[in-house]
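Chemist: Following this message is one structure expressed as C-alpha cells.
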Amino acid sequence: MDLRTIIENRYSVRSYQQKEVEEEKLIKILEAGQLAPSAVNNQPWHFIVVREPENHAKFSEIYHRDWFKEAPVYIIVCGDHNTAWKRKEDGKDHTNIDAAIAIDHMTLQATELGLGTCWICNFYVKKCKEFFQLPEHIEPIAILSLGYPNDDKIPVKKRKALDEIVHWEKF
C-alpha cells in the first residue's frame, strides 16, 4: 500500500473484533512512533501499552464509551514536559505537538498493517495518571485504541476544499 492509500484508508475505528493483535505488529506500530520527528529531536514521549484485562477495566472510569471497551489494545501516549523543547520567544512547550506526530505515525502504521485505531483526547486525565502511575511531569496526551476493525467499510471523509484552507503568499 502506498502512503496516499494508507492516508485515505485511515479512519477512527469504533468497533473492534475480539482478536489479539500480534506482537510483531504491535512492535512495528511502536517503532513508527519512535521514528517520528520531534522538536530538537528531544523525543519527549512515552508509550504505555495496555493489554491485560484487569487494566482494561480501568478504562471504563477513564473514558465512558461502550465501544471503547471492545479494543484489545490501548496505547497511552504520554509527554514528558521536562524534556520537551520550549520555544525561546514565548516559552511554547512542544510536548503535545511532538506526541501528536508520534501518534499520527502509529495510526498510519496500524492502517498499513490492517489494524484500526481511534485517537482519544477527551478522557479523565487525573484518573489515567493515577491508575497507570504516571510521574508528575508526565502527561497523558491521548489514548490510542487499537485492534482489528469489525467492519472493513471505510467511511467517506468530509474535508474542506483546498481553497478554503490553503493560502498562497499571505492569508
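Going through the C-alpha cells in order, the chains are called A, B, and so on, while each chain numbers its residues from 1 and the ligands are numbered from 1 in the order shown.
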Give me the range 81-141 of chain A side of the contact with range 47-52 of chain A, cut-off 10 Å, one line per residue showing its nearest atom pair and distance in Å at one decimal, counting only C-alpha atoms, sorted by chain and residue number, as a tab-separated table.

Modeler:
```
residue	atom	partner	partner_atom	distance
A:Ala99	CA	A:Phe47	CA	9.8
A:Ala102	CA	A:Phe47	CA	9.8
A:Ile103	CA	A:Phe47	CA	9.8
A:Phe132	CA	A:Ile48	CA	8.4
A:Leu134	CA	A:Ile48	CA	9.9
A:Pro140	CA	A:Phe47	CA	9.4
```

Chemist: List every residue of range 21-140 of chain A that DSSP, applied to the backbone of this structure, places in helix (DSSP H, G or I), and write the result as a PyMOL selection string.

Modeler: chain A and resi 23-34+39-41+53-56+59-62+66-70+95-112+125-131

Chemist: Using DSSP on the backbone, list every residue of range 30-155 of chain A that comes out as strand (DSSP E or B), and give them as a short mmCIF file (atom, residue, chain, number, x, y, z; two decimals) with N, CA, C and O atoms, in the first residue's frame.

Modeler:
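See result24.cif below for the written result:
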```cif
data_model
loop_
_atom_site.label_atom_id
_atom_site.label_comp_id
_atom_site.auth_asym_id
_atom_site.auth_seq_id
_atom_site.Cartn_x
_atom_site.Cartn_y
_atom_site.Cartn_z
N TRP A 45 8.37 11.62 24.51
CA TRP A 45 7.20 10.75 24.60
C TRP A 45 7.50 9.45 25.32
O TRP A 45 8.64 8.99 25.39
N HIS A 46 6.45 8.87 25.85
CA HIS A 46 6.46 7.54 26.44
C HIS A 46 5.17 6.87 26.00
O HIS A 46 4.13 7.52 25.91
N PHE A 47 5.23 5.57 25.72
CA PHE A 47 4.07 4.82 25.27
C PHE A 47 3.77 3.72 26.30
O PHE A 47 4.62 2.86 26.53
N ILE A 48 2.59 3.76 26.89
CA ILE A 48 2.18 2.72 27.83
C ILE A 48 1.22 1.79 27.08
O ILE A 48 0.14 2.21 26.66
N VAL A 49 1.63 0.55 26.89
CA VAL A 49 0.82 -0.43 26.18
C VAL A 49 -0.02 -1.19 27.22
O VAL A 49 0.52 -1.73 28.19
N VAL A 50 -1.32 -1.21 27.00
CA VAL A 50 -2.23 -1.85 27.94
C VAL A 50 -2.99 -2.96 27.22
O VAL A 50 -3.74 -2.69 26.28
N VAL A 73 -6.27 -3.59 22.54
CA VAL A 73 -5.03 -2.93 22.97
C VAL A 73 -5.30 -1.42 23.08
O VAL A 73 -6.04 -0.86 22.28
N TYR A 74 -4.67 -0.82 24.08
CA TYR A 74 -4.67 0.63 24.21
C TYR A 74 -3.21 1.07 24.33
O TYR A 74 -2.42 0.40 24.98
N ILE A 75 -2.90 2.19 23.70
CA ILE A 75 -1.59 2.79 23.88
C ILE A 75 -1.83 4.18 24.46
O ILE A 75 -2.48 5.02 23.82
N ILE A 76 -1.36 4.40 25.68
CA ILE A 76 -1.46 5.71 26.29
C ILE A 76 -0.20 6.45 25.88
O ILE A 76 0.91 6.05 26.23
N VAL A 77 -0.37 7.51 25.10
CA VAL A 77 0.77 8.29 24.63
C VAL A 77 0.95 9.45 25.60
O VAL A 77 0.05 10.26 25.80
N CYS A 78 2.12 9.46 26.23
CA CYS A 78 2.42 10.45 27.26
C CYS A 78 3.52 11.38 26.80
O CYS A 78 4.38 10.99 26.02
N GLY A 79 3.49 12.58 27.33
CA GLY A 79 4.52 13.56 27.03
C GLY A 79 5.28 13.94 28.29
O GLY A 79 4.70 14.07 29.36
N ASP A 80 6.58 14.10 28.12
CA ASP A 80 7.46 14.48 29.24
C ASP A 80 7.78 15.97 29.11
O ASP A 80 8.59 16.37 28.28
N LYS A 86 11.12 23.92 24.41
CA LYS A 86 10.30 25.11 24.60
C LYS A 86 10.87 26.23 23.74
O LYS A 86 12.06 26.51 23.79
N ASP A 93 5.64 25.19 24.84
CA ASP A 93 6.05 23.82 25.12
C ASP A 93 5.56 22.95 23.96
O ASP A 93 4.37 22.94 23.64
N GLY A 116 -6.97 -1.10 13.03
CA GLY A 116 -7.68 0.16 13.16
C GLY A 116 -7.33 0.84 14.47
O GLY A 116 -6.90 0.19 15.43
N THR A 117 -7.50 2.14 14.49
CA THR A 117 -7.21 2.94 15.68
C THR A 117 -8.27 4.01 15.87
O THR A 117 -9.00 4.35 14.93
N CYS A 118 -8.34 4.53 17.07
CA CYS A 118 -9.10 5.74 17.32
C CYS A 118 -8.30 6.56 18.32
O CYS A 118 -7.85 6.05 19.36
N TRP A 119 -8.11 7.80 18.01
CA TRP A 119 -7.29 8.73 18.77
C TRP A 119 -8.21 9.46 19.74
O TRP A 119 -9.08 10.23 19.34
N ILE A 120 -8.05 9.20 21.03
CA ILE A 120 -8.94 9.76 22.07
C ILE A 120 -8.19 10.80 22.90
O ILE A 120 -7.13 10.51 23.46
N ILE A 138 4.91 13.82 33.73
CA ILE A 138 4.46 13.05 32.58
C ILE A 138 2.95 13.25 32.41
O ILE A 138 2.18 12.99 33.33
N GLU A 139 2.56 13.72 31.23
CA GLU A 139 1.15 13.98 30.95
C GLU A 139 0.61 12.98 29.94
O GLU A 139 1.21 12.77 28.89
N PRO A 140 -0.53 12.35 30.25
CA PRO A 140 -1.16 11.51 29.23
C PRO A 140 -1.80 12.43 28.18
O PRO A 140 -2.71 13.19 28.49
N ILE A 141 -1.28 12.39 26.98
CA ILE A 141 -1.73 13.28 25.91
C ILE A 141 -2.96 12.72 25.22
O ILE A 141 -3.92 13.42 24.96
N ALA A 142 -2.91 11.43 24.91
CA ALA A 142 -4.01 10.78 24.20
C ALA A 142 -3.95 9.28 24.45
O ALA A 142 -2.93 8.74 24.85
N ILE A 143 -5.09 8.65 24.22
CA ILE A 143 -5.17 7.19 24.28
C ILE A 143 -5.51 6.72 22.87
O ILE A 143 -6.43 7.24 22.23
N LEU A 144 -4.75 5.77 22.40
CA LEU A 144 -4.97 5.21 21.08
C LEU A 144 -5.55 3.81 21.26
O LEU A 144 -4.88 2.93 21.82
N SER A 145 -6.81 3.62 20.85
CA SER A 145 -7.37 2.26 20.86
C SER A 145 -6.86 1.57 19.59
O SER A 145 -6.67 2.21 18.56
N LEU A 146 -6.65 0.27 19.70
CA LEU A 146 -6.00 -0.46 18.61
C LEU A 146 -6.55 -1.87 18.51
O LEU A 146 -6.71 -2.55 19.53
N GLY A 147 -6.84 -2.30 17.30
CA GLY A 147 -7.29 -3.66 17.08
C GLY A 147 -7.75 -3.85 15.64
O GLY A 147 -7.62 -2.95 14.80
N PRO A 149 -10.53 -3.93 12.95
CA PRO A 149 -11.87 -3.36 12.82
C PRO A 149 -12.92 -4.44 12.58
O PRO A 149 -12.64 -5.45 11.92
#
```

Chemist: To one decimal place in Å, what is the distance between CA of Ser15 in chain A and CA of Asn150 in chain A?

Modeler: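 Computed distance, CA of Ser15 in chain A to CA of Asn150 in chain A, equals 5.5 Å.
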
Chemist: Taking 2 positions as the minimum chain separation for residues in the same chain, which residues sit within 12 Å of Asp104 in chain A when counting only C-alpha atoms? Answer as a count of residues only.

Modeler: 31

Chemist: Would you pick out the contacts of Trp67 in chain A at 10 Å or less, using only C-alpha atoms, so that residues sharing its chain but fewer than 5 positions from it are not included, and give the list as a ChimeraX atom specification?

Modeler: /A:13-16

Chemist: Could you save those same residues with all heavy atoms as a PDB file, in the first residue's frame?

Modeler:
```pdb
ATOM      1  N   VAL A  13     -11.723   4.058  14.143  1.00  0.00           N
ATOM      2  CA  VAL A  13     -12.446   2.798  14.311  1.00  0.00           C
ATOM      3  C   VAL A  13     -13.131   2.794  15.674  1.00  0.00           C
ATOM      4  O   VAL A  13     -12.507   3.080  16.696  1.00  0.00           O
ATOM      5  CB  VAL A  13     -11.476   1.599  14.179  1.00  0.00           C
ATOM      6  CG1 VAL A  13     -12.171   0.291  14.512  1.00  0.00           C
ATOM      7  CG2 VAL A  13     -10.885   1.564  12.781  1.00  0.00           C
ATOM      8  N   ARG A  14     -14.425   2.452  15.677  1.00  0.00           N
ATOM      9  CA  ARG A  14     -15.183   2.424  16.926  1.00  0.00           C
ATOM     10  C   ARG A  14     -15.894   1.090  17.140  1.00  0.00           C
ATOM     11  O   ARG A  14     -16.846   1.007  17.895  1.00  0.00           O
ATOM     12  CB  ARG A  14     -16.167   3.588  16.958  1.00  0.00           C
ATOM     13  CG  ARG A  14     -15.454   4.924  17.108  1.00  0.00           C
ATOM     14  CD  ARG A  14     -16.429   6.072  17.274  1.00  0.00           C
ATOM     15  NE  ARG A  14     -15.716   7.310  17.528  1.00  0.00           N
ATOM     16  CZ  ARG A  14     -15.256   8.130  16.586  1.00  0.00           C
ATOM     17  NH1 ARG A  14     -15.399   7.818  15.310  1.00  0.00           N
ATOM     18  NH2 ARG A  14     -14.646   9.245  16.909  1.00  0.00           N
ATOM     19  N   SER A  15     -15.393   0.056  16.479  1.00  0.00           N
ATOM     20  CA  SER A  15     -15.893  -1.301  16.689  1.00  0.00           C
ATOM     21  C   SER A  15     -14.769  -2.269  16.322  1.00  0.00           C
ATOM     22  O   SER A  15     -14.261  -2.228  15.195  1.00  0.00           O
ATOM     23  CB  SER A  15     -17.127  -1.552  15.819  1.00  0.00           C
ATOM     24  OG  SER A  15     -17.620  -2.846  16.065  1.00  0.00           O
ATOM     25  N   TYR A  16     -14.400  -3.093  17.299  1.00  0.00           N
ATOM     26  CA  TYR A  16     -13.245  -3.969  17.122  1.00  0.00           C
ATOM     27  C   TYR A  16     -13.623  -5.435  17.240  1.00  0.00           C
ATOM     28  O   TYR A  16     -14.495  -5.805  18.026  1.00  0.00           O
ATOM     29  CB  TYR A  16     -12.178  -3.670  18.177  1.00  0.00           C
ATOM     30  CG  TYR A  16     -11.562  -2.304  18.042  1.00  0.00           C
ATOM     31  CD1 TYR A  16     -12.039  -1.221  18.766  1.00  0.00           C
ATOM     32  CD2 TYR A  16     -10.493  -2.085  17.177  1.00  0.00           C
ATOM     33  CE1 TYR A  16     -11.473   0.036  18.635  1.00  0.00           C
ATOM     34  CE2 TYR A  16      -9.919  -0.837  17.041  1.00  0.00           C
ATOM     35  CZ  TYR A  16     -10.411   0.220  17.779  1.00  0.00           C
ATOM     36  OH  TYR A  16      -9.851   1.462  17.641  1.00  0.00           O
TER      37      TYR A  16
END
```

Chemist: Find, counting only C-alpha atoms, the residue in A:Asn82, A:Gln17, A:Asn55, A:Thr95 that gets nearest to Pro135 in chain A.

Modeler: A:Asn82

Chemist: Of the candidates A:His81, A:Asn96, A:Phe123, A:Pro44, which shows the shortest atom-to-atom distance to Phe68 in chain A, using only C-alpha atoms?

Modeler: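 For Phe68 in chain A, the nearest of the given residues is A:Phe123.
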
Chemist: So how far away is CA of Arg4 in chain A from CA of Lys28 in chain A, in Å?

Modeler: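 Calculated distance between CA of Lys28 in chain A and CA of Arg4 in chain A is 19.3 Å.
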
Chemist: How many Å lie between CA of Glu130 in chain A and CA of Glu70 in chain A, rounded to one decimal?

Modeler: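 Atom-to-atom, CA of Glu130 in chain A to CA of Glu70 in chain A, that is 22.4 Å.
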
Chemist: So that I can check the surroundings of Lys69 in chain A, please list as a count of residues only every protein, DNA and RNA residue that reaches within 9 Å of it, counting only C-alpha atoms and ignoring chain neighbours fewer than 5 positions away.

Modeler: 5
